[in-house]
>>> print(open('target_4.txt').read())   # compact mmCIF, C-alpha atoms
# COMPACT_ATOMS: atom_id res chain seq x y z
CA MET A 79 -53.71 74.60 -35.54
CA THR A 80 -52.16 75.96 -32.34
CA VAL A 81 -53.73 79.34 -33.02
CA VAL A 82 -57.19 77.81 -33.60
CA LEU A 83 -56.96 75.75 -30.41
CA GLY A 84 -55.62 78.75 -28.51
CA VAL A 85 -58.47 80.99 -29.67
CA LEU A 86 -60.99 78.26 -28.77
CA LEU A 87 -59.51 77.80 -25.30
CA LEU A 88 -59.28 81.54 -24.64
CA THR A 89 -62.91 81.99 -25.73
CA LEU A 90 -63.98 79.25 -23.34
CA LEU A 91 -61.85 80.97 -20.68
CA VAL A 92 -63.71 84.26 -21.15
CA ILE A 93 -67.08 82.46 -21.03
CA THR A 94 -66.05 80.70 -17.82
CA ALA A 95 -64.82 83.96 -16.30
CA ILE A 96 -68.13 85.70 -17.06
CA ALA A 97 -70.01 82.73 -15.59
CA ILE A 98 -67.87 82.96 -12.40
CA VAL A 99 -68.73 86.64 -12.03
CA ARG A 100 -72.43 86.13 -12.79
CA THR A 101 -73.17 83.21 -10.48
CA LYS A 102 -74.52 83.91 -7.00
CA ASN A 103 -73.83 80.39 -5.74
CA LEU A 104 -70.27 80.31 -4.43
CA PHE A 105 -70.14 76.52 -4.71
CA VAL A 106 -70.79 76.81 -8.45
CA ALA A 107 -68.18 79.58 -8.62
CA VAL A 108 -65.56 77.28 -7.05
CA MET A 109 -66.32 74.52 -9.55
CA LEU A 110 -66.10 77.03 -12.41
CA LEU A 111 -62.76 78.27 -11.04
CA GLY A 112 -61.49 74.69 -11.30
CA ILE A 113 -62.63 74.56 -14.93
CA PHE A 114 -60.98 77.94 -15.50
CA SER A 115 -57.66 76.61 -14.18
CA LEU A 116 -57.91 73.46 -16.29
CA LEU A 117 -58.60 75.51 -19.42
CA ILE A 118 -55.67 77.82 -18.76
CA ALA A 119 -53.47 74.78 -18.07
CA ALA A 120 -54.45 73.36 -21.48
CA ASN A 121 -53.64 76.74 -23.00
CA PHE A 122 -50.19 76.77 -21.35
CA PHE A 123 -49.65 73.25 -22.64
CA ILE A 124 -50.36 74.04 -26.29
CA LEU A 125 -47.94 76.97 -25.92
CA ASP A 126 -45.30 74.35 -24.92
CA ALA A 127 -45.12 75.57 -21.32
CA ALA A 128 -45.47 72.10 -19.81
CA ASP A 129 -44.01 73.05 -16.41
CA VAL A 130 -46.46 75.89 -15.85
CA ALA A 131 -49.33 73.75 -17.17
CA LEU A 132 -48.51 71.04 -14.63
CA THR A 133 -48.37 73.60 -11.82
CA GLU A 134 -51.64 75.19 -12.86
CA ALA A 135 -53.41 71.83 -13.14
CA ALA A 136 -52.09 70.56 -9.79
CA VAL A 137 -52.45 73.77 -7.77
CA GLY A 138 -55.18 75.71 -9.56
CA ALA A 139 -57.57 72.95 -10.54
CA GLY A 140 -56.71 70.52 -7.76
CA ILE A 141 -55.59 71.91 -4.42
CA SER A 142 -57.17 75.36 -4.54
CA THR A 143 -60.56 73.84 -5.34
CA VAL A 144 -60.28 71.71 -2.20
CA LEU A 145 -59.11 74.69 -0.13
CA PHE A 146 -61.94 76.87 -1.47
CA LEU A 147 -64.43 74.13 -0.58
CA GLY A 148 -62.91 73.97 2.90
CA ALA A 149 -63.36 77.72 3.21
CA LEU A 150 -66.93 77.51 1.90
CA ALA A 151 -67.78 74.90 4.53
CA LEU A 152 -67.01 77.60 7.12
CA THR A 153 -69.01 80.37 5.45
CA SER A 154 -72.16 80.59 3.40
CA GLU A 155 -72.96 78.96 0.09
CA PHE A 156 -74.41 82.12 -1.38
CA GLU A 157 -72.92 85.47 -2.23
CA ARG A 158 -73.86 88.48 -0.10
CA ALA A 159 -76.22 91.01 -1.60
CA PRO A 160 -74.19 93.40 -3.73
CA THR A 161 -73.13 96.63 -2.07
CA PRO A 162 -74.32 99.97 -3.48
CA HIS A 163 -71.92 102.33 -5.26
CA ARG A 164 -71.03 99.67 -7.78
CA TRP A 165 -70.57 102.38 -10.42
CA LEU A 166 -67.24 103.29 -8.81
CA SER A 167 -65.82 99.76 -9.12
CA LEU A 168 -67.34 99.50 -12.58
CA ALA A 169 -65.55 102.70 -13.62
CA VAL A 170 -62.23 101.44 -12.22
CA VAL A 171 -62.59 98.09 -14.01
CA THR A 172 -63.58 99.74 -17.28
CA GLY A 173 -60.67 102.16 -17.06
CA ALA A 174 -58.19 99.38 -16.33
CA THR A 175 -59.59 97.26 -19.18
CA LEU A 176 -59.26 100.15 -21.64
CA VAL A 177 -55.64 100.75 -20.57
CA VAL A 178 -54.81 97.04 -21.01
CA LEU A 179 -56.59 96.95 -24.38
CA TYR A 180 -54.65 100.04 -25.49
CA ALA A 181 -51.40 98.39 -24.39
CA THR A 182 -52.09 95.24 -26.44
CA PHE A 183 -51.76 97.23 -29.68
CA ASP A 184 -48.03 97.58 -28.96
CA LYS A 185 -47.62 93.88 -28.28
CA PRO A 186 -45.51 91.88 -30.74
CA ALA A 187 -47.44 89.38 -32.86
CA PHE A 188 -48.00 85.86 -31.49
CA GLY A 189 -44.86 83.75 -32.07
CA ASP A 190 -42.83 86.68 -33.43
CA PRO A 191 -39.15 85.70 -33.13
CA GLY A 192 -38.17 89.37 -32.97
CA ALA A 193 -40.20 89.98 -29.82
CA PRO A 194 -38.17 91.48 -26.96
CA VAL A 195 -38.74 88.41 -24.78
CA HIS A 196 -36.86 86.30 -27.34
CA GLN A 197 -34.04 88.83 -27.67
CA HIS A 198 -33.22 89.50 -24.01
CA VAL A 199 -31.79 86.78 -21.73
CA ALA A 200 -33.80 83.79 -23.02
CA PRO A 201 -31.32 82.86 -25.81
CA TRP A 202 -28.47 83.08 -23.30
CA TYR A 203 -30.27 80.66 -20.94
CA LEU A 204 -30.96 78.24 -23.80
CA GLN A 205 -27.34 78.36 -24.97
CA LYS A 206 -25.58 78.24 -21.63
CA THR A 207 -27.73 75.70 -19.73
CA PRO A 208 -25.95 72.62 -21.19
CA GLU A 209 -22.58 74.18 -20.43
CA PHE A 210 -23.22 75.54 -16.92
CA VAL A 211 -25.86 73.22 -15.49
CA GLY A 212 -25.91 70.23 -17.84
CA ILE A 213 -29.59 69.29 -17.49
CA PRO A 214 -32.10 68.94 -20.35
CA ASN A 215 -34.96 70.96 -18.80
CA VAL A 216 -33.98 74.62 -19.19
CA VAL A 217 -37.01 75.72 -17.14
CA THR A 218 -35.64 73.94 -14.07
CA ALA A 219 -32.19 75.38 -14.68
CA VAL A 220 -33.61 78.91 -14.89
CA LEU A 221 -35.92 78.41 -11.90
CA GLY A 222 -33.41 76.66 -9.68
CA SER A 223 -30.09 78.16 -10.60
CA PHE A 224 -30.08 81.23 -12.83
CA ARG A 225 -33.08 82.81 -11.10
CA GLY A 226 -32.59 81.12 -7.74
CA TYR A 227 -33.31 84.36 -5.86
CA ASP A 228 -36.80 84.60 -7.38
CA THR A 229 -37.62 81.03 -6.43
CA LEU A 230 -36.29 81.62 -2.91
CA GLY A 231 -38.69 84.57 -2.73
CA GLU A 232 -41.56 82.38 -3.93
CA VAL A 233 -40.80 79.75 -1.30
CA PHE A 234 -40.76 82.43 1.41
CA VAL A 235 -44.07 83.81 0.11
CA VAL A 236 -45.62 80.32 0.33
CA PHE A 237 -44.12 79.91 3.79
CA THR A 238 -45.47 83.29 4.91
CA ALA A 239 -48.92 82.40 3.55
CA GLY A 240 -48.88 79.19 5.57
CA ILE A 241 -47.82 81.01 8.74
CA GLY A 242 -50.52 83.62 8.17
CA VAL A 243 -53.29 81.05 7.75
CA LEU A 244 -52.11 79.18 10.83
CA PHE A 245 -52.15 82.41 12.85
CA LEU A 246 -55.64 83.33 11.69
CA LEU A 247 -57.38 79.97 11.78
CA SER A 248 -55.76 77.57 14.19
CA GLY A 249 -56.41 79.60 17.34
CA ARG A 250 -59.64 77.87 18.26
CA ARG A 251 -59.85 74.13 18.18
CA ARG A 252 -63.01 72.04 18.14
CA PRO A 253 -64.63 72.34 21.57
CA THR A 254 -65.38 68.60 21.68
CA GLY A 255 -62.35 68.01 23.85
CA GLY A 256 -59.64 65.50 22.94
CA ARG A 257 -58.70 65.46 19.28
CA ALA A 258 -57.00 62.10 19.60
CA TYR A 259 -58.51 59.56 17.26
CA ASP A 260 -60.51 56.83 18.97
CA PRO A 261 -60.91 53.80 16.70
CA THR A 262 -63.79 52.34 18.72
CA GLN A 263 -65.85 55.49 18.42
CA LYS A 264 -68.20 55.63 15.45
CA THR A 265 -67.24 58.86 13.75
CA SER A 266 -69.22 60.54 11.03
CA ILE A 267 -66.12 62.30 9.75
CA GLY A 268 -64.69 60.85 6.59
CA LEU A 269 -66.24 58.38 4.20
CA ARG A 270 -65.21 55.18 5.92
CA SER A 271 -68.62 53.61 5.52
CA HIS A 272 -68.57 54.17 1.77
CA VAL A 273 -66.81 51.13 0.40
CA ILE A 274 -66.21 52.22 -3.20
CA PRO A 275 -64.36 55.50 -2.48
CA LEU A 276 -62.53 53.79 0.38
CA VAL A 277 -61.19 50.94 -1.77
CA VAL A 278 -60.36 53.15 -4.73
CA SER A 279 -58.57 55.77 -2.63
CA ARG A 280 -56.55 53.09 -0.83
CA LEU A 281 -55.59 51.72 -4.22
CA LEU A 282 -54.65 55.12 -5.63
CA THR A 283 -52.92 56.87 -2.72
CA PRO A 284 -49.58 55.03 -3.09
CA PHE A 285 -49.53 55.74 -6.81
CA ILE A 286 -50.27 59.44 -6.26
CA LEU A 287 -47.40 59.60 -3.75
CA LEU A 288 -45.12 57.75 -6.16
CA PHE A 289 -46.08 60.11 -8.97
CA GLY A 290 -45.41 63.06 -6.67
CA LEU A 291 -41.91 61.77 -5.95
CA TYR A 292 -41.38 61.13 -9.68
CA VAL A 293 -42.38 64.71 -10.49
CA GLN A 294 -40.09 65.94 -7.68
CA PHE A 295 -36.97 64.13 -8.79
CA HIS A 296 -37.62 64.14 -12.53
CA GLY A 297 -37.79 67.93 -12.66
CA GLU A 298 -34.32 68.16 -14.16
CA TYR A 299 -35.27 66.00 -17.14
CA GLY A 300 -38.92 66.79 -17.82
CA PRO A 301 -41.74 68.99 -16.64
CA GLY A 302 -41.91 68.97 -12.87
CA GLY A 303 -40.20 70.17 -9.75
CA GLY A 304 -40.84 71.03 -6.15
CA PHE A 305 -44.00 73.13 -6.53
CA GLN A 306 -45.90 70.54 -8.56
CA ALA A 307 -44.63 67.63 -6.46
CA GLY A 308 -45.56 69.39 -3.23
CA ALA A 309 -49.09 69.92 -4.51
CA LEU A 310 -49.39 66.26 -5.60
CA ILE A 311 -48.12 64.85 -2.32
CA ALA A 312 -50.41 67.20 -0.39
CA ALA A 313 -53.28 66.01 -2.61
CA ALA A 314 -52.57 62.38 -1.66
CA PHE A 315 -52.77 63.24 2.04
CA ILE A 316 -55.90 65.35 1.55
CA LEU A 317 -57.55 62.39 -0.21
CA TYR A 318 -56.58 60.23 2.75
CA ALA A 319 -58.02 62.82 5.15
CA LEU A 320 -61.28 63.09 3.20
CA ILE A 321 -61.80 59.32 3.16
CA GLU A 322 -60.42 58.21 6.50
CA GLY A 323 -61.20 61.31 8.50
CA GLU A 324 -58.98 64.23 9.36
CA GLU A 325 -57.86 62.78 12.71
CA ARG A 326 -56.42 59.69 11.05
CA CYS A 327 -54.50 61.89 8.62
CA LEU A 328 -53.12 63.98 11.50
CA GLU A 329 -52.00 60.75 13.16
CA VAL A 330 -50.07 59.74 10.05
CA LEU A 331 -48.55 63.17 9.54
CA PRO A 332 -49.03 65.28 12.69
CA GLN A 333 -49.05 69.07 12.73
CA SER A 334 -45.59 69.12 14.30
CA ALA A 335 -44.26 67.20 11.28
CA LEU A 336 -46.01 69.65 8.95
CA ASN A 337 -44.43 72.58 10.80
CA ALA A 338 -41.07 70.86 10.50
CA LEU A 339 -41.64 70.37 6.75
CA MET A 340 -42.60 74.03 6.28
CA VAL A 341 -39.67 75.44 8.23
CA GLY A 342 -37.24 72.74 7.11
CA GLY A 343 -37.91 73.33 3.42
CA ALA A 344 -37.36 77.08 3.66
CA LEU A 345 -34.27 76.52 5.84
CA LEU A 346 -32.87 73.93 3.42
CA TYR A 347 -33.24 76.36 0.51
CA GLY A 348 -31.65 79.22 2.45
CA GLY A 349 -29.00 76.89 3.88
CA VAL A 350 -27.92 75.75 0.43
CA GLY A 351 -27.54 79.42 -0.47
CA VAL A 352 -25.46 80.14 2.62
CA MET A 353 -23.34 77.03 1.93
CA GLY A 354 -22.38 78.71 -1.35
CA ILE A 355 -21.04 81.71 0.58
CA LEU A 356 -19.20 79.52 3.09
CA LEU A 357 -17.52 77.59 0.27
CA GLY A 358 -16.29 80.80 -1.28
CA ALA A 359 -18.83 81.51 -4.00
CA ASP A 360 -21.87 83.81 -4.07
CA PHE A 361 -25.20 83.31 -2.28
CA LEU A 362 -27.19 80.61 -4.13
CA ASP A 363 -24.23 79.80 -6.39
CA TYR A 364 -24.05 76.01 -6.28
CA SER A 365 -20.84 75.63 -8.28
CA MET A 366 -18.70 74.90 -5.23
CA LEU A 367 -20.99 72.23 -3.72
CA ALA A 368 -19.24 69.42 -5.64
CA ALA A 369 -15.82 68.86 -7.13
CA ASP A 370 -16.72 70.22 -10.55
CA PRO A 371 -19.10 73.16 -11.08
CA VAL A 372 -21.63 71.31 -13.27
CA SER A 373 -22.33 68.53 -10.78
CA GLY A 374 -22.34 71.16 -8.04
CA GLN A 375 -25.12 72.97 -9.89
CA GLN A 376 -27.07 69.73 -10.28
CA LEU A 377 -26.68 68.86 -6.59
CA GLY A 378 -27.76 72.37 -5.62
CA ILE A 379 -30.86 72.21 -7.83
CA ILE A 380 -31.85 68.82 -6.39
CA LEU A 381 -31.46 70.18 -2.85
CA ILE A 382 -33.39 73.39 -3.40
CA GLU A 383 -36.16 71.55 -5.27
CA ALA A 384 -36.43 69.22 -2.28
CA GLY A 385 -36.74 72.31 -0.06
CA VAL A 386 -39.45 73.76 -2.29
CA GLY A 387 -41.37 70.47 -2.26
CA MET A 388 -41.17 70.17 1.53
CA THR A 389 -42.38 73.72 2.13
CA VAL A 390 -45.24 73.47 -0.37
CA THR A 391 -46.43 70.13 1.05
CA GLY A 392 -46.26 71.41 4.62
CA VAL A 393 -48.02 74.69 3.89
CA LEU A 394 -50.83 73.19 1.79
CA LEU A 395 -51.56 70.46 4.32
CA SER A 396 -51.41 72.94 7.23
CA ILE A 397 -53.92 75.21 5.49
CA PHE A 398 -56.18 72.22 4.79
CA HIS A 399 -56.06 71.09 8.40
CA ALA A 400 -56.61 74.64 9.64
CA PHE A 401 -59.82 74.81 7.61
CA ALA A 402 -60.92 71.30 8.54
CA ALA A 403 -60.35 71.84 12.28
CA ARG A 404 -62.79 74.75 12.48
CA ASP A 405 -66.38 74.25 13.44
CA PRO A 406 -68.71 75.27 10.63
CA THR A 407 -70.94 77.88 12.25
CA MET B 240 -50.08 48.28 -42.85
CA LYS B 241 -49.36 51.91 -41.97
CA LEU B 242 -52.50 52.99 -43.81
CA ALA B 243 -54.63 50.35 -42.11
CA LEU B 244 -53.40 51.46 -38.69
CA ASP B 245 -54.06 55.08 -39.58
CA ILE B 246 -57.60 54.29 -40.71
CA LEU B 247 -58.24 52.22 -37.58
CA SER B 248 -56.97 54.95 -35.29
CA TRP B 249 -59.02 57.63 -37.04
CA VAL B 250 -62.14 55.44 -36.82
CA LEU B 251 -61.51 55.06 -33.08
CA LEU B 252 -60.85 58.79 -32.60
CA THR B 253 -63.99 59.76 -34.54
CA ALA B 254 -66.13 57.26 -32.64
CA GLY B 255 -64.68 58.57 -29.36
CA GLY B 256 -65.43 62.13 -30.43
CA ALA B 257 -69.00 61.10 -31.32
CA PHE B 258 -69.47 59.58 -27.85
CA VAL B 259 -68.14 62.75 -26.20
CA LEU B 260 -70.54 64.83 -28.31
CA VAL B 261 -73.49 62.58 -27.42
CA GLY B 262 -72.50 62.78 -23.75
CA GLY B 263 -72.34 66.56 -23.94
CA ILE B 264 -75.74 66.83 -25.62
CA GLY B 265 -77.20 64.42 -23.08
CA ALA B 266 -75.76 66.37 -20.16
CA LEU B 267 -77.54 69.46 -21.48
CA ARG B 268 -80.82 67.93 -22.61
CA MET B 269 -81.65 65.18 -20.11
CA PRO B 270 -84.54 66.00 -17.73
CA ASN B 271 -83.04 65.50 -14.26
CA LEU B 272 -79.77 65.13 -12.38
CA TYR B 273 -79.36 61.34 -12.46
CA THR B 274 -80.12 61.01 -16.17
CA ARG B 275 -77.76 63.92 -16.88
CA MET B 276 -75.03 62.15 -14.89
CA HIS B 277 -75.74 58.98 -16.84
CA ALA B 278 -75.29 60.86 -20.10
CA ALA B 279 -72.12 62.60 -18.92
CA SER B 280 -70.56 59.32 -17.80
CA VAL B 281 -70.49 58.22 -21.44
CA THR B 282 -67.74 60.78 -22.06
CA ASP B 283 -65.67 59.36 -19.20
CA THR B 284 -65.95 55.75 -20.29
CA MET B 285 -66.57 55.10 -23.99
CA GLY B 286 -65.34 58.52 -25.12
CA ALA B 287 -62.09 58.39 -23.15
CA VAL B 288 -61.40 54.71 -23.96
CA LEU B 289 -61.91 55.15 -27.70
CA VAL B 290 -59.95 58.41 -27.96
CA ILE B 291 -57.02 57.05 -25.93
CA ALA B 292 -57.05 53.80 -27.93
CA GLY B 293 -56.90 55.83 -31.14
CA VAL B 294 -54.01 57.93 -29.85
CA MET B 295 -52.22 54.76 -28.66
CA ILE B 296 -52.37 53.32 -32.19
CA GLN B 297 -50.96 56.60 -33.51
CA ALA B 298 -48.12 56.46 -30.97
CA GLY B 299 -47.11 52.88 -31.84
CA LEU B 300 -45.04 50.72 -29.51
CA SER B 301 -43.30 53.32 -27.35
CA LEU B 302 -43.12 54.80 -23.88
CA VAL B 303 -45.97 57.13 -24.84
CA THR B 304 -48.29 54.14 -25.33
CA LEU B 305 -47.37 52.85 -21.89
CA LYS B 306 -48.13 56.24 -20.34
CA LEU B 307 -51.44 56.41 -22.21
CA ALA B 308 -52.31 52.94 -20.91
CA ALA B 309 -51.59 54.14 -17.37
CA ILE B 310 -53.81 57.19 -17.91
CA LEU B 311 -56.57 54.92 -19.27
CA MET B 312 -56.33 52.66 -16.21
CA PHE B 313 -56.48 55.71 -13.95
CA LEU B 314 -59.54 57.09 -15.75
CA LEU B 315 -61.34 53.74 -15.73
CA ILE B 316 -60.84 53.48 -11.96
CA THR B 317 -61.48 57.09 -10.94
CA SER B 318 -64.37 58.27 -13.12
CA PRO B 319 -66.89 55.60 -12.00
CA THR B 320 -65.84 56.39 -8.42
CA ALA B 321 -66.46 60.08 -9.02
CA SER B 322 -69.87 59.26 -10.54
CA TYR B 323 -70.69 57.14 -7.49
CA ALA B 324 -69.61 59.91 -5.11
CA LEU B 325 -71.66 62.50 -7.03
CA ALA B 326 -74.79 60.34 -7.14
CA ASN B 327 -74.39 59.45 -3.47
CA ALA B 328 -73.98 63.11 -2.50
CA ALA B 329 -77.06 64.02 -4.55
CA LEU B 330 -79.09 61.28 -2.85
CA LEU B 331 -77.91 62.43 0.60
CA ALA B 332 -78.82 66.00 -0.32
CA GLY B 333 -82.36 64.80 -0.83
CA ILE B 334 -82.67 64.68 -4.61
CA LYS B 335 -84.87 61.68 -5.36
CA PRO B 336 -84.43 59.68 -8.56
CA SER B 337 -87.59 60.08 -10.58
CA ALA B 338 -88.69 59.65 -14.15
CA GLY B 339 -90.36 63.03 -14.30
CA SER B 340 -88.72 66.01 -15.91
CA ALA B 341 -86.96 68.65 -13.83
CA ALA B 342 -88.06 66.84 -10.68
CA ASP B 343 -84.76 67.53 -8.95
CA LEU B 344 -85.19 71.27 -9.30
CA GLU B 345 -88.40 71.23 -7.28
CA ASP B 346 -86.97 68.89 -4.67
CA ALA B 347 -83.72 70.75 -4.19
CA SER B 348 -85.16 74.22 -3.80
>>> encode(input="target_4.txt", output="structure tokens")
Amino acid sequence: MTVVLGVLLLTLLVITAIAIVRTKNLFVAVMLLGIFSLLIAANFFILDAADVALTEAAVGAGISTVLFLGALALTSEFERAPTPHRWLSLAVVTGATLVVLYATFDKPAFGDPGAPVHQHVAPWYLQKTPEFVGIPNVVTAVLGSFRGYDTLGEVFVVFTAGIGVLFLLSGRRRPTGGRAYDPTQKTSIGLRSHVIPLVVSRLLTPFILLFGLYVQFHGEYGPGGGFQAGALIAAAFILYALIEGEERCLEVLPQSALNALMVGGALLYGGVGVMGILLGADFLDYSMLAADPVSGQQLGIILIEAGVGMTVTGVLLSIFHAFAARDPT
Amino acid sequence: MKLALDILSWVLLTAGGAFVLVGGIGALRMPNLYTRMHAASVTDTMGAVLVIAGVMIQAGLSLVTLKLAAILMFLLITSPTASYALANAALLAGIKPSAGSAADLEDAS
């Protein structure tokens, strides 16, 4: 059954990918990219990778669609005319595809317990997580503790991306003078005159925030963690900005607070690592944070997940505001 | 009792699947944007309600049922809103509701 569903989903994935390449309308391409992410999230889910599925659904299908639309609002709706010399890129793509196809013949069969991935460190993680970390979700233990360096790298990559977008896009502000929100002024920004979206979004926003916090702090017990929670919380604020207008959203959570979230999250993660050194263990070894090593590990994971969530929220919202603040020309 | 519940849930799931299928066919075959939206909204409402009700009966009285009920509530609130937003955006973009076939294509281009 899993194989049938998987083949179905992967076939749909290929169809969607071809449609994305074929379409000239970038707006359609963005929508298809959202479908692509949702399909791949479903595929991850039937392979029992609930954490990755949640991330893909929240970031791929949700936030990136909004960010792509923000980028499209600044550029054109249609693709540029194709450049000549496409045979060169075609040759490169064909060559790469043939190499990948050739490599798949050496791949172990689907679900083969003797595959190298199941023989290397994975069994050790599964066995030792209850003893060393004592939390049910092994993915969080691997992500937060065993492979803490990799996650630190990911957080810094997200942080760097946010800094880069801010450098590139936030130089020029709207020339209409003061950006302070004036409640008496009739603004066309936002959907405040549309009662149905307004009421529904006001109803839903607290629940989205609550769900984001649940995903953040439930990461040790079920699918979830900082990346997914950051995307969800950013989504709640983006919904608020779309309905009430971007200025109102910046009043609630100003850019200085977003910068503080971005920097603070990365600093918190790094600081927890340095705390490990100061307490006499290794960098990113949380064992010394509490009286006994297991609760130290749990405390460390909660802290670094909070750092991840803060950075992701700050970066995503900063990128959104950077797009929204530009004049579409 | 178990058998009756099973039959009930399968009836609900099949009916939900039928509504999704009808919605899909309608979204492909209807003549213009608003009628296509109308057809597609069947999947969001009847299809989703029936399928989730069927799954809820399969799950029995448990935390899963509660979560499914929350998802159902969320869908019932958000999908009509999304339909409204889509129709409103189409109207603002200048696509007029009309009974003719493929009328929106001529208007939009």
>>> interface_residues(input="target_4.txt", of="chain B", to="chain A", cutoff="10 Å", atoms="all atoms listed in the file", output="PyMOL selection string")
chain B and resi 313+316-317+319-321+323-324+327
>>> residues_around(input="target_4.txt", residues="Leu116 (chain A)", least_positions_apart="5", cutoff="12 Å", atoms="all atoms listed in the file", output="count of residues only")
24
>>> residues_around(input="target_4.txt", residues="Val259 (chain B)", least_positions_apart="2", cutoff="8 Å", atoms="all atoms listed in the file", output="number ranges by chain")
B: 255-257, 261-263, 281-282, 286
>>> write_last_selection(input="target_4.txt", atoms="C-alpha atoms", output="tab-separated table (two decimals), keeping the file's coordinate frame")
chain	number	residue	atom	x	y	z
B	255	GLY	CA	-64.68	58.57	-29.36
B	256	GLY	CA	-65.43	62.13	-30.43
B	257	ALA	CA	-69.00	61.10	-31.32
B	261	VAL	CA	-73.49	62.58	-27.42
B	262	GLY	CA	-72.50	62.78	-23.75
B	263	GLY	CA	-72.34	66.56	-23.94
B	281	VAL	CA	-70.49	58.22	-21.44
B	282	THR	CA	-67.74	60.78	-22.06
B	286	GLY	CA	-65.34	58.52	-25.12
>>> residues_around(input="target_4.txt", residues="Pro371 (chain A)", least_positions_apart="3", cutoff="12 Å", atoms="all atoms listed in the file", output="list in words")
Glu209, Phe210, Val211, Gly212, Gly354, Ala359, Asp363, Tyr364, Ser365, Met366, Leu367, Ala368, Gly374, Gln375, Gln376, Leu377 and Gly378 of chain A
>>> atom_distance(input="target_4.txt", atom1="CA of Phe156 (chain A)", atom2="CA of Asn103 (chain A)")
4.7 Å
>>> residues_around(input="target_4.txt", residues="Ala309 (chain B)", least_positions_apart="4", cutoff="12 Å", atoms="only C-alpha atoms", output="PDB file with C-alpha atoms, in the coordinates of the input")
ATOM      1  CA  PHE A 285     -49.530  55.740  -6.810  1.00  0.00           C
ATOM      2  CA  PHE A 289     -46.080  60.110  -8.970  1.00  0.00           C
TER       3      PHE A 289
ATOM      4  CA  VAL B 288     -61.400  54.710 -23.960  1.00  0.00           C
ATOM      5  CA  ILE B 291     -57.020  57.050 -25.930  1.00  0.00           C
ATOM      6  CA  ALA B 292     -57.050  53.800 -27.930  1.00  0.00           C
ATOM      7  CA  MET B 295     -52.220  54.760 -28.660  1.00  0.00           C
ATOM      8  CA  LEU B 302     -43.120  54.800 -23.880  1.00  0.00           C
ATOM      9  CA  VAL B 303     -45.970  57.130 -24.840  1.00  0.00           C
ATOM     10  CA  THR B 304     -48.290  54.140 -25.330  1.00  0.00           C
ATOM     11  CA  LEU B 305     -47.370  52.850 -21.890  1.00  0.00           C
ATOM     12  CA  PHE B 313     -56.480  55.710 -13.950  1.00  0.00           C
ATOM     13  CA  LEU B 314     -59.540  57.090 -15.750  1.00  0.00           C
ATOM     14  CA  LEU B 315     -61.340  53.740 -15.730  1.00  0.00           C
ATOM     15  CA  ILE B 316     -60.840  53.480 -11.960  1.00  0.00           C
TER      16      ILE B 316
END
>>> atom_distance(input="target_4.txt", atom1="CA of Thr283 (chain A)", atom2="CA of Leu104 (chain A)")
29.2 Å
>>> closest_residue(input="target_4.txt", among="B:Ala278, B:Ile246, B:Ala332, B:Met312", to="Phe258 (chain B)", atoms="all atoms listed in the file")
B:Ala278
>>> residues_around(input="target_4.txt", residues="Val217 (chain A)", least_positions_apart="2", cutoff="10 Å", atoms="all atoms listed in the file", output="MDAnalysis selection string")
chainID A and resid 127:130 203:204 207 213:215 219:224 297:303
>>> atom_distance(input="target_4.txt", atom1="CA of Val178 (chain A)", atom2="CA of Val92 (chain A)")
15.6 Å
>>> axis_aligned_box(input="target_4.txt", around="region 173-191 of chain A", padding_each_side="4 Å", output="JSON")
{"center_x": -49.9, "center_y": 93.0, "center_z": -24.9, "size_x": 29.5, "size_y": 26.4, "size_z": 25.1}
>>> closest_residue(input="target_4.txt", among="B:Asn271, B:Ala279, B:Gly265, B:Gln297", to="Leu251 (chain B)", atoms="all atoms listed in the file")
B:Gln297
>>> residues_near_point(input="target_4.txt", point="(-77.2, 61.6, -7.4)", cutoff="12 Å", atoms="only C-alpha atoms", output="list of chain:residue names")
B:Asn271, B:Leu272, B:Tyr273, B:Thr274, B:Arg275, B:Met276, B:His277, B:Ala321, B:Ser322, B:Tyr323, B:Ala324, B:Leu325, B:Ala326, B:Asn327, B:Ala328, B:Ala329, B:Leu330, B:Leu331, B:Ala332, B:Gly333, B:Ile334, B:Lys335, B:Pro336, B:Ser337, B:Asp343, B:Ala347
